[in-house]
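Trainee: Next up is a structure, given as structure tokens.
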Amino acid sequence: MGIIHSLSPDLINQIAAGEVIESTHSILKELIENSIDAGASKIEIATESAGLGRILVSDDGHGITKEDLPLAIKRYATSKIQNFHDLEHLFTFGFRGEALASIASVARLVIESGTEGNRTANRVVVEEGKIVSEEEIPFFQGTKIEIKDLFYNTPVRRKFLKTESGEEKKNRTRVQTMALGEPNISFRYVQNGKEVFFVQKEEPLERVLSIYGENLRDHLLPVHTSRNGMTLRGFISHPDFYKSSRTGQFFFVNNRSVELKFSAQILKRCYGELLPSGAFPYAFLFFDLPREFVDVNVHPQKKEVRFLSEETVTGILFQGITEVLRTSTPVEFLEMRRRLSMPIPYDNNRNESSFGEGGLGFGIGSGSSSHFGNQTEGSPLLGPSHIEGRPGFSLEGIGAGTNLHLLGENRSKHHLFVPKKHFGVIFETFILAEAEDGLYIIDQHTAHERIRYEEVLRDLKSKAYKSQSLLTPIRLELTKEEAEEMIAEKQRFSELGITLEPFSGGTILIREVPSYIDPGKETETILDLWERFRSKDPEEKELYDEMAKCVACRSAIKKGDQVSDPIIGELLQRLSYCENPSLCPHGRPTLIKLTRKDLETMFHRI
């Protein structure tokens, strides 16, 4: 007797459901796409128990006729395509006729729908993939689909789901992402009887701000470029506004939210060193492409698409972003100059430190003292200066190549990284400086990051900063859920000198900020810190370190910043007083050393 046999229709449907239905959020995606295809101008979603108890999606679209309702729950029954040519020229989100059939095989399903020109609407109840009742109901225009007891007949599927709160978060994210791609449609989402999301029909920029907060308004750069009948439009963030993860990046192809495998690499290449390590820009980008150029039938859940020419798409993406970044607002340098002109703590006990061996940076000798302790002021070189009668170390009027030691104290060569002179900046990034033991090439961004990191970390550990009450509180505009999550971290922020206060809806007021956060950078720094809290749960001992990294990233000189000779001198002196001058807070090198012997060897002098 043979061992090969045909599967039952019920089992076939459940296997298909496993491909289409990943979780409750994938059901929401399928149902919302059906509503969009039906021409809805308003879509309302409600879930209970993260959707495992109940899901309801209703719209005001053109509806489903009484004759079509039984066909709507059959596999591969669809109104979207009739032949292969239709498959190559799709204008709809759904098209394969799998969604409702797959859902009906693993849940109890009720469909109510009314179409224009009828006096009544119709209702069908489906269990285990079969219609168990049909009836007429009072008329309304559109469709309502209710799903109950998801996976009731496949309990093993439920065990692989996340916690209820985790599923609810994924559901919100799914609805928000789909609403982002359809600004001409109103969306309302209710979880467990509580409205968590509502947006009216609006312009694309306003839709982005409605979902992801007014804080983005002054930091988004519009993108719009066309090539060969293809258009890229949307928004990216200015390099001064970013996240610590890619959760702020969204890509749409013909309004369909998709995952583009090349998007992260293109963004990274375009921004380059305009962003610090570990920073990710916001991106809300829409490709409008000819239908025949895109194959959407390559993934059961339609997460990915295939292009006739991927190089063309990557080219238009690269072109659109680089054009915008090339013309964006230049960085202000006055605040940078103010930061670098602040007095530097000086430690008279640092005479036991020594140069490290090798080519990368310097180590601190075992007998050296940390410059965080026994601080004194008054050094002619690094303490309050009498130059021009103003505080702080200044090299005003000193040009490249000037001997730095002529300004004051003839410092001992036992100090770490004591530059004798500098020769300016090359490639808008690297400082050339000479010390007694060799030539140093210093990355201006990572060097300043290290300086700011240690300054802020020292202030936090010693509580040397002051919290400043703001005359006008700063408003953070978030979603209701995000605001609740952020207020839940109120005590952590308080430990860092930041006072938060809930206001209304998704609005949070910043009442107090610490002095170590640069004026004008409060919003970005606090949001960056919060993103770090969300991506991981730092212990108390790591809290100060995370804050110091946030501030250092936001306030450091960037690649391409035009830095004057006096500020270069300030930066080199400050770097010489860092505990670890050779690495930035993220582990990237700040400097490279070429010894006299290295140079003589290269030129065959020895």
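Letters A, B, ... go to the chains of the structure tokens in the order shown; residues in each chain start at 1; ligands are counted from 1 in the same order.
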I need the residues in range 146-204 of chain A that are helix (DSSP H, G or I) according to DSSP; give them as a list in words.

Mentor: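 In range 146-204 of chain A, DSSP puts these residues in helix (DSSP H, G or I): Pro155, Val156, Arg157, Arg158, Glu164, Ser165, Gly166, Glu167, Glu168, Lys169, Lys170, Asn171, Arg172, Thr173, Arg174, Val175, Gln176, Thr177, Met178, Ala179, Leu180, Gly181 and Pro204 of chain A.
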
Trainee: To test your reading of the structure, identify every residue in range 510-544 of chain A that backbone DSSP assigns to strand (DSSP E or B), and report it as a PyMOL selection string.

Mentor: chain A and resi 510-514

Trainee: Name the residues in contact with Glu434 in chain A at a cut-off of 6 Å, using only C-alpha atoms, excluding same-chain residues fewer than 2 positions from it; report them as a PDB file with all heavy atoms, in the first residue's frame.

Mentor:
```
ATOM      1  N   PRO A 419      51.129  67.818  22.949  1.00  0.00           N
ATOM      2  CA  PRO A 419      51.471  68.291  21.611  1.00  0.00           C
ATOM      3  C   PRO A 419      52.365  69.525  21.669  1.00  0.00           C
ATOM      4  O   PRO A 419      52.137  70.432  22.461  1.00  0.00           O
ATOM      5  CB  PRO A 419      50.109  68.609  20.986  1.00  0.00           C
ATOM      6  CG  PRO A 419      49.238  68.942  22.156  1.00  0.00           C
ATOM      7  CD  PRO A 419      49.719  68.098  23.290  1.00  0.00           C
ATOM      8  N   LYS A 420      53.378  69.558  20.829  1.00  0.00           N
ATOM      9  CA  LYS A 420      54.238  70.739  20.753  1.00  0.00           C
ATOM     10  C   LYS A 420      53.655  71.769  19.784  1.00  0.00           C
ATOM     11  O   LYS A 420      53.726  72.958  20.012  1.00  0.00           O
ATOM     12  CB  LYS A 420      55.638  70.326  20.279  1.00  0.00           C
ATOM     13  CG  LYS A 420      56.375  69.431  21.249  1.00  0.00           C
ATOM     14  CD  LYS A 420      57.634  68.846  20.623  1.00  0.00           C
ATOM     15  CE  LYS A 420      58.602  69.918  20.186  1.00  0.00           C
ATOM     16  NZ  LYS A 420      59.838  69.335  19.604  1.00  0.00           N
ATOM     17  N   LYS A 421      53.102  71.292  18.688  1.00  0.00           N
ATOM     18  CA  LYS A 421      52.523  72.192  17.696  1.00  0.00           C
ATOM     19  C   LYS A 421      51.532  71.400  16.842  1.00  0.00           C
ATOM     20  O   LYS A 421      51.552  70.177  16.815  1.00  0.00           O
ATOM     21  CB  LYS A 421      53.606  72.799  16.813  1.00  0.00           C
ATOM     22  CG  LYS A 421      54.367  71.771  15.970  1.00  0.00           C
ATOM     23  CD  LYS A 421      55.431  72.429  15.101  1.00  0.00           C
ATOM     24  CE  LYS A 421      56.650  72.802  15.940  1.00  0.00           C
ATOM     25  NZ  LYS A 421      57.780  73.226  15.072  1.00  0.00           N
ATOM     26  N   LEU A 439      54.458  61.945  15.272  1.00  0.00           N
ATOM     27  CA  LEU A 439      53.408  62.685  14.585  1.00  0.00           C
ATOM     28  C   LEU A 439      52.072  62.001  14.870  1.00  0.00           C
ATOM     29  O   LEU A 439      51.957  60.785  14.756  1.00  0.00           O
ATOM     30  CB  LEU A 439      53.674  62.689  13.072  1.00  0.00           C
ATOM     31  CG  LEU A 439      52.576  63.276  12.193  1.00  0.00           C
ATOM     32  CD1 LEU A 439      52.478  64.786  12.383  1.00  0.00           C
ATOM     33  CD2 LEU A 439      52.828  62.928  10.721  1.00  0.00           C
TER      34      LEU A 439
END
```

Trainee: Quick one, how far is CA of Pro589 in chain A from CA of Phe603 in chain A?

Mentor: 25.7 Å

Trainee: Contacts of Ala488 in chain A at 12 Å or less, counting only C-alpha atoms, minus same-chain residues fewer than 2 places along, as a list in words?

Mentor: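 Close residues of Ala488 in chain A: Glu481, Glu482, Ala483, Glu484, Glu485, Met486, Lys490, Gln491, Arg492, Phe493, Ser494, Leu500, Glu501, Pro502, Ile508, Trp530, Phe533 and Arg534 of chain A.
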
Trainee: For those residues, write C-alpha atoms to a file as a CSV table (one decimal), in the first residue's frame.

Mentor:
```csv
chain,number,residue,atom,x,y,z
A,481,GLU,CA,1.6,54.8,24.6
A,482,GLU,CA,5.0,56.3,24.1
A,483,ALA,CA,4.2,59.0,26.6
A,484,GLU,CA,3.1,56.4,29.2
A,485,GLU,CA,6.3,54.4,28.6
A,486,MET,CA,8.4,57.5,29.0
A,490,LYS,CA,10.5,59.3,35.2
A,491,GLN,CA,12.7,58.2,38.2
A,492,ARG,CA,15.6,57.3,35.9
A,493,PHE,CA,15.5,60.7,34.2
A,494,SER,CA,15.3,62.4,37.6
A,500,LEU,CA,9.5,65.2,33.3
A,501,GLU,CA,5.8,65.9,33.8
A,502,PRO,CA,2.8,64.3,31.9
A,508,ILE,CA,5.2,65.5,28.1
A,530,TRP,CA,14.9,57.2,26.0
A,533,PHE,CA,16.2,52.8,27.6
A,534,ARG,CA,13.8,51.1,25.3
```

Trainee: Restricting the calculation to only C-alpha atoms: of A:Ile451, A:Leu150, A:Gly142, A:Arg174, which residue gets closest to Glu570 in chain A?

Mentor: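 Ranked by minimum distance to Glu570 in chain A, first place goes to A:Ile451.
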
Trainee: Taking only C-alpha atoms into account, which of A:Ile55, A:Val324, A:Cys550, A:Leu71 comes nearest Leu527 in chain A?

Mentor: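 Ranked by minimum distance to Leu527 in chain A, first place goes to A:Cys550.
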
Trainee: Mind giving me the straight-line distance from CA of Lys593 in chain A to CA of Ala556 in chain A in Å, one decimal?

Mentor: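 Going from CA of Lys593 in chain A over to CA of Ala556 in chain A covers 22.1 Å.
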
Trainee: Work out how far apart CA of Asp528 in chain A and CA of Asn215 in chain A are and give it in Å to one decimal.

Mentor: 12.1 Å

Trainee: Calculated over only C-alpha atoms, which of the candidates A:Leu591, A:Ile510, A:Ile426, A:Ala50 has the smallest distance to Glu167 in chain A?

Mentor: A:Ala50

Trainee: Smallest atom-to-atom distance to Arg306 in chain A: which of A:Lys261, A:Glu546, A:Glu203, A:Ile592, using only C-alpha atoms?

Mentor: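 Of all the options, A:Lys261 lies closest to Arg306 in chain A.
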
Trainee: From the list A:Arg596, A:Arg532, A:His238, A:His25, which residue is nearest Asp218 in chain A when using only C-alpha atoms?

Mentor: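 Of the candidates, the smallest distance to Asp218 in chain A is held by A:His238.
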
Trainee: List the spatial neighbours of Ser35 in chain A as a ChimeraX atom specification - criterion: any atom at most 9 Å away, only C-alpha atoms, same-chain residues fewer than 5 positions off excluded.

Mentor: /A:30,40-43,57-61,63,142-143

Trainee: Pick the closest to Leu529 in chain A from A:Ala279, A:Ile316, A:Ile568, A:Val110: which is it, counting only C-alpha atoms?

Mentor: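 For Leu529 in chain A, the nearest of the candidates is A:Ala279.
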